[in-house]
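First up is the structure itself, then whatever we jot down about it.
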Amino acid sequence: MMNNDMELINALTETLKNSPSNIPLRKHLAQLLLKAGRFEEAEQELRQVLVHIPDDIEIKISLADTFFHLDKISMAVVMVEELMKLDYLPANFFLLAVQIFLKAGETKQATRAYLKAIKLDKSLINKELEKDLEINRQILSEVDDQIPRDRIPLPVNDIPDGPDFVLERSEIKFADVGGMDNLKEQIQMKIIYPITHPEIFKAYKKEIGGGILLYGPPGCGKTYFARATAGEVNAYFISVGIHDVLDMYIGQSENNLHDLFQLARGNVPCVLFFDEVDALGAKRSDLRHGGGSQLINQFLSELDGVDSSNTGVLILAATNAPWHLDSAFRRPGRFDRVIFVPPPDQAARMAILQIMLKDKPTKNIDFQKVAQKTEHFSGADLRAVVDQAIEKKLHDALKSGVPAPLTTDDLLKVIKNIKPTTKEWFATARNYALYSNQSGIYDDILAYLKV
Ligand SMILES: Nc1ncnc2c1ncn2[C@@H]1O[C@H](COP(=O)(O)OP(=O)(O)OP(=O)(O)O)[C@@H](O)[C@H]1O
Ligand SMILES: [Mg+2]
C-alpha cells in the first residue's frame with residue numbers, strides 16, 4: 001500500500017508538470033502527500049488547490065489536518081473555526097477539531113466538537129479522549145445548558161440536538177449473507193468498486209451514482225443485504241423508513257430529507273438505505289393535494305444530486321410492492337436498477353442455515369436434507385426454524401440438566417409445523433407480473449414462477 005502510494009505520488013507529480021491546471025489530480029496528490037506524512041509538500045499543494053476551489057470542504061479539512069501536524073496550531077484553529085460555521089461536516093472532522101482545540105488549550109471548544117462527533121457516530125466514543133477532555137457533568141452543562149448538571153451517569157445518552165438520523169456501523173458483511181451471489185456481483189460493480197477504485201472510475205469519466213431498488217417477498221434478506229453492503233466496504237449505514245421522512249413534522253419534511261442527504265454526503269462512503277420505499281409512491285396521489293408532491297419532488301432532486309453531488313453515497317431502497325412506486329423513481333440516475341430478491345434456492349438455504357448455526361452446538365447436521373425440506377422458505381422463515389429448534393433444545397436441557405447438541409431431526413420436526421411465508425406474496429406478484437409488466441420489469445418473477 002505504502003509503496004503503491006509512493007509510486008502514485010511520483011506519477012501524479014510527473015503528470016502535473018505537463019498539465020499544472022488539472023485541479024482534481026492536484027487534489028488527489030495533496031491528499032496522498034498528507035496520508036504519506038509529507039506535510040510540507042501537502043501544504044503547498046493544498047494551498048494551490050484552494051486558490052482554484054476556495055469552497056472545497058475536503059481541502060479545507062485536509063489543510064487543517066496538515067497545519068495540525070506541522071504544529072501551526074493557530075492556523076489550524078482558524079481553519080477549523082471557519083469550517084465549524086458550515087452545517088454539514090463529516091463526523092471525522094469533529095475528531096480532528098477536538099485534537100486541534102485541545103492542543104490550542106481550548107478545552108470547551110474541544111468538548112463541543114467531541115459531542116458533535118459522537119452525536120453523529122457513536123462508534124467514535126473514546127474514553128481516553130474523554131479523560132483528556134476531563135469531560136464531566138460540570139463541563140457538559142457549561143458547554144450546553146440543555147444538559148442537567150446534577151444527574152449521573154455521564155454523557156452520551158443525553159447529548160443535545162443533532163440530526164434526526166444517525167450514522168451506523170454495520171456488524172455484518174457479505175460473508176454473513178447466504179446465497180444472493182448474483183446480487184453480490186452486481187453490487188460489486190455498481191457500488192463497491194467505485195469506492196475501492198475511485199481513480200479508475202474517474203479515469204474513464206464514469207459517473208458514479210444512481211440507486212438500486214431491491215424488491216421481493218418479505219423476509220428474503222433485502223434489509224439484511226443492504227446492511228451487509230455497508231459492512232463489506234466499511235461504509236457508514238443510514239437506514240431510513242420512508243414513514244420516518246413522511247411523518248416527520250408535516251411541511252418540514254423536505255428540509256429533513258435534505259438534511260438526511262447532506263448527512264450522507266458529508267460522511268462518505270455511506271450506504272443510504274430507504275426501507276419500504278413503496279410508501280412514498282403509494283402516497284403520491286393521496287398527497288398530491290397536500291405537501292406530498294413537493295416532498296416527492298424534493299426526494300427526486302436529492303436523488304439526482306441537483307444541488308450537491310452524491311458521489312460516494314450509495315443509495316439502496318427496498319420494497320415489497322414495486323408496482324406502487326411511481327415510475328419517476330425508475331428513470332436513469334435514480335433507481336435505475338431494479339433487482340428481484342427471490343426466496344433462497346436450495347444451495348442458498350444450505351448456506352443460510354450454515355451461517356445461522358455457525359456458533360451453535362450441533363451434531364452432524366445434514367444441511368442438504370434440511371435445505372431440501374424447506375422449499376419456499378424465506379431467510380426469516382429459516383431463522384424461525386433455527387430459533388424454535390434451539391428453544392426446544394434449551395427447554396429439554398433445563399429439564400434434564402444435560403445440554404444436548406442440535407440434530408437434523410430436531411430441525412425437521414420444527415419444519416413440519418412452519419408454513420413458508422413467501423407464497424402469499426407471489427399470489428399478488430403474479431398478477432402484476434402478468435398484467436402490468438411494462439418493459440419486462442417483472443420478468444424475473446415470471447421466471448421464478450416458471451410461467
Ligand atoms: N441471505 C441471507 N443470509 C443470512 N440470513 C438471512 C438471509 N436472508 C434473510 N436472512 C435472515 O432473515 C432475516 C429477515 O431478513 P430481512 O429483514 O432482510 O428481509 P426483508 O427482505 O427485508 O423483509 P421485508 O420485506 O419484510 O422487510 C434477517 O434478519 C436474517 O436474519
Ligand atoms: Mg426489510
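Chain identifiers are assigned as A, B, and so on, following the order in which chains appear in the C-alpha cells; residues are numbered from 1 within each chain, and ligands are numbered from 1 in order of appearance.
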Could you produce a table of the residues of chain A lying within 9 Å of ligand 2, with the nearest pair of atoms per residue and their separation in Å rounded to one decimal, using only C-alpha atoms and all ligand atoms, ordered by chain and increasing residue number, as a Markdown table?
| residue | atom | partner | partner_atom_place_in_ligand_line | distance |
| --- | --- | --- | --- | --- |
| A:Pro218 | CA | ligand 2 | 1 (Mg) | 6.9 |
| A:Gly219 | CA | ligand 2 | 1 (Mg) | 6.7 |
| A:Cys220 | CA | ligand 2 | 1 (Mg) | 8.1 |
| A:Gly221 | CA | ligand 2 | 1 (Mg) | 6.9 |
| A:Lys222 | CA | ligand 2 | 1 (Mg) | 5.4 |
| A:Thr223 | CA | ligand 2 | 1 (Mg) | 4.2 |
| A:Tyr224 | CA | ligand 2 | 1 (Mg) | 7.1 |
| A:Asp275 | CA | ligand 2 | 1 (Mg) | 6.3 |
| A:Glu276 | CA | ligand 2 | 1 (Mg) | 7.1 |
| A:Ala318 | CA | ligand 2 | 1 (Mg) | 6.8 |
| A:Thr319 | CA | ligand 2 | 1 (Mg) | 7.5 |
| A:Asn320 | CA | ligand 2 | 1 (Mg) | 8.5 |
Would you output that residue set with N, CA and C atoms, as a CSV table (one decimal), in the first residue's frame?
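Contents of part-v7.csv, as written:
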chain,number,residue,atom,x,y,z
A,218,PRO,N,-41.4,-10.8,1.5
A,218,PRO,CA,-40.9,-10.4,2.8
A,218,PRO,C,-39.9,-11.5,3.4
A,219,GLY,N,-38.9,-11.0,4.2
A,219,GLY,CA,-38.1,-11.9,4.9
A,219,GLY,C,-37.0,-12.6,4.1
A,220,CYS,N,-36.8,-12.1,2.8
A,220,CYS,CA,-35.8,-12.8,2.0
A,220,CYS,C,-34.4,-12.0,1.9
A,221,GLY,N,-34.2,-11.1,2.8
A,221,GLY,CA,-32.9,-10.6,3.0
A,221,GLY,C,-32.6,-9.2,2.4
A,222,LYS,N,-33.6,-8.5,2.0
A,222,LYS,CA,-33.4,-7.2,1.4
A,222,LYS,C,-32.7,-6.2,2.4
A,223,THR,N,-33.3,-6.1,3.6
A,223,THR,CA,-32.8,-5.2,4.6
A,223,THR,C,-31.4,-5.7,5.1
A,224,TYR,N,-31.3,-7.0,5.3
A,224,TYR,CA,-30.1,-7.6,5.8
A,224,TYR,C,-29.0,-7.4,4.8
A,275,ASP,N,-36.0,2.0,3.4
A,275,ASP,CA,-36.7,0.8,3.5
A,275,ASP,C,-38.2,1.1,3.2
A,276,GLU,N,-38.8,0.1,2.6
A,276,GLU,CA,-40.2,0.2,2.3
A,276,GLU,C,-40.5,1.5,1.5
A,318,ALA,N,-35.6,-0.6,-0.7
A,318,ALA,CA,-36.2,-1.9,-0.7
A,318,ALA,C,-37.7,-1.8,-0.6
A,319,THR,N,-38.4,-2.7,-1.2
A,319,THR,CA,-39.9,-2.7,-1.2
A,319,THR,C,-40.5,-4.0,-1.4
A,320,ASN,N,-41.6,-4.3,-0.9
A,320,ASN,CA,-42.4,-5.5,-1.2
A,320,ASN,C,-43.3,-5.2,-2.4
Can you list, as an NGL selection string, all residues belonging to range 350-379 of chain A that DSSP tags as alpha helix (DSSP H)? :A and (350-356 or 367-372 or 379)
Which of these, A:Ser301, A:Asn310, A:Ser378, A:Thr362, has the shortest distance to ligand 1 once you count only C-alpha atoms and all ligand atoms?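 Selected residue with least distance to ligand 1: A:Ser378.
Nearest residue to Leu214 in chain A among A:Asp56, A:Asp336, A:Asp71, A:Glu302 is A:Asp336, counting only C-alpha atoms.
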Kindly give the distance, in Å, that separates CA of Ala230 in chain A and CA of Gln188 in chain A, rounded to a single decimal.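 Interatomic distance here is 11.7 Å.
Every protein or nucleic acid residue with an atom no more than 10 Å from range 436-449 of chain A, counting only C-alpha atoms and leaving out same-chain residues fewer than 3 positions away, appears here: Gly216, Pro322, Trp323, Arg337, Val338, Ile339, Phe340, Val341, Pro342, Pro343, Phe426, Ala429, Arg430, Asn431, Tyr432 and Ala433 of chain A.
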In Å to one decimal, how far is CA of Ala228 in chain A from CA of Leu89 in chain A? 25.1 Å
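Among the residues of range 256-370 of chain A, backbone DSSP assigns strand (DSSP E) to Cys270, Val271, Leu272, Phe273, Phe274, Asp275, Val313, Leu314, Ile315, Leu316, Ala317, Ala318, Thr319, Arg337, Val338, Ile339 and Phe340 of chain A.
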File dump, residues just selected, N, CA and C atoms, as a JSON list (two decimals), in the first residue's frame:
[["chain", "number", "residue", "atom", "x", "y", "z"],
["A", 270, "CYS", "N", -20.85, 5.98, 2.26],
["A", 270, "CYS", "CA", -22.02, 5.81, 3.10],
["A", 270, "CYS", "C", -23.11, 5.11, 2.31],
["A", 271, "VAL", "N", -23.73, 4.12, 2.92],
["A", 271, "VAL", "CA", -24.89, 3.48, 2.31],
["A", 271, "VAL", "C", -26.14, 4.13, 2.89],
["A", 272, "LEU", "N", -26.90, 4.76, 2.02],
["A", 272, "LEU", "CA", -28.13, 5.40, 2.45],
["A", 272, "LEU", "C", -29.28, 4.50, 2.00],
["A", 273, "PHE", "N", -29.97, 3.95, 2.97],
["A", 273, "PHE", "CA", -30.93, 2.88, 2.67],
["A", 273, "PHE", "C", -32.36, 3.30, 3.00],
["A", 274, "PHE", "N", -33.19, 3.30, 1.99],
["A", 274, "PHE", "CA", -34.61, 3.61, 2.19],
["A", 274, "PHE", "C", -35.40, 2.33, 2.22],
["A", 275, "ASP", "N", -35.95, 2.03, 3.39],
["A", 275, "ASP", "CA", -36.69, 0.79, 3.52],
["A", 275, "ASP", "C", -38.16, 1.06, 3.24],
["A", 313, "VAL", "N", -22.03, 8.30, -2.06],
["A", 313, "VAL", "CA", -23.25, 7.92, -1.35],
["A", 313, "VAL", "C", -23.93, 6.81, -2.13],
["A", 314, "LEU", "N", -24.07, 5.67, -1.52],
["A", 314, "LEU", "CA", -24.63, 4.52, -2.21],
["A", 314, "LEU", "C", -26.08, 4.40, -1.81],
["A", 315, "ILE", "N", -26.94, 4.59, -2.78],
["A", 315, "ILE", "CA", -28.35, 4.67, -2.44],
["A", 315, "ILE", "C", -29.05, 3.36, -2.76],
["A", 316, "LEU", "N", -29.56, 2.73, -1.72],
["A", 316, "LEU", "CA", -30.31, 1.49, -1.87],
["A", 316, "LEU", "C", -31.72, 1.70, -1.35],
["A", 317, "ALA", "N", -32.64, 0.97, -1.93],
["A", 317, "ALA", "CA", -34.00, 1.03, -1.41],
["A", 317, "ALA", "C", -34.60, -0.37, -1.49],
["A", 318, "ALA", "N", -35.58, -0.62, -0.66],
["A", 318, "ALA", "CA", -36.22, -1.93, -0.68],
["A", 318, "ALA", "C", -37.73, -1.77, -0.58],
["A", 319, "THR", "N", -38.41, -2.68, -1.23],
["A", 319, "THR", "CA", -39.87, -2.65, -1.19],
["A", 319, "THR", "C", -40.46, -4.04, -1.45],
["A", 337, "ARG", "N", -31.67, 0.61, -11.39],
["A", 337, "ARG", "CA", -31.57, -0.85, -11.37],
["A", 337, "ARG", "C", -32.57, -1.41, -10.39],
["A", 338, "VAL", "N", -33.40, -2.27, -10.90],
["A", 338, "VAL", "CA", -34.44, -2.86, -10.07],
["A", 338, "VAL", "C", -34.14, -4.35, -10.00],
["A", 339, "ILE", "N", -33.85, -4.83, -8.84],
["A", 339, "ILE", "CA", -33.39, -6.20, -8.71],
["A", 339, "ILE", "C", -34.33, -7.03, -7.84],
["A", 340, "PHE", "N", -34.69, -8.17, -8.38],
["A", 340, "PHE", "CA", -35.59, -9.10, -7.68],
["A", 340, "PHE", "C", -34.79, -9.92, -6.67]]
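Restricting the calculation to only C-alpha atoms and all ligand atoms, the smallest distance between ligand 1 and any of A:Thr422, A:Gln298, A:Ser327, A:Thr107 is found for A:Thr422.
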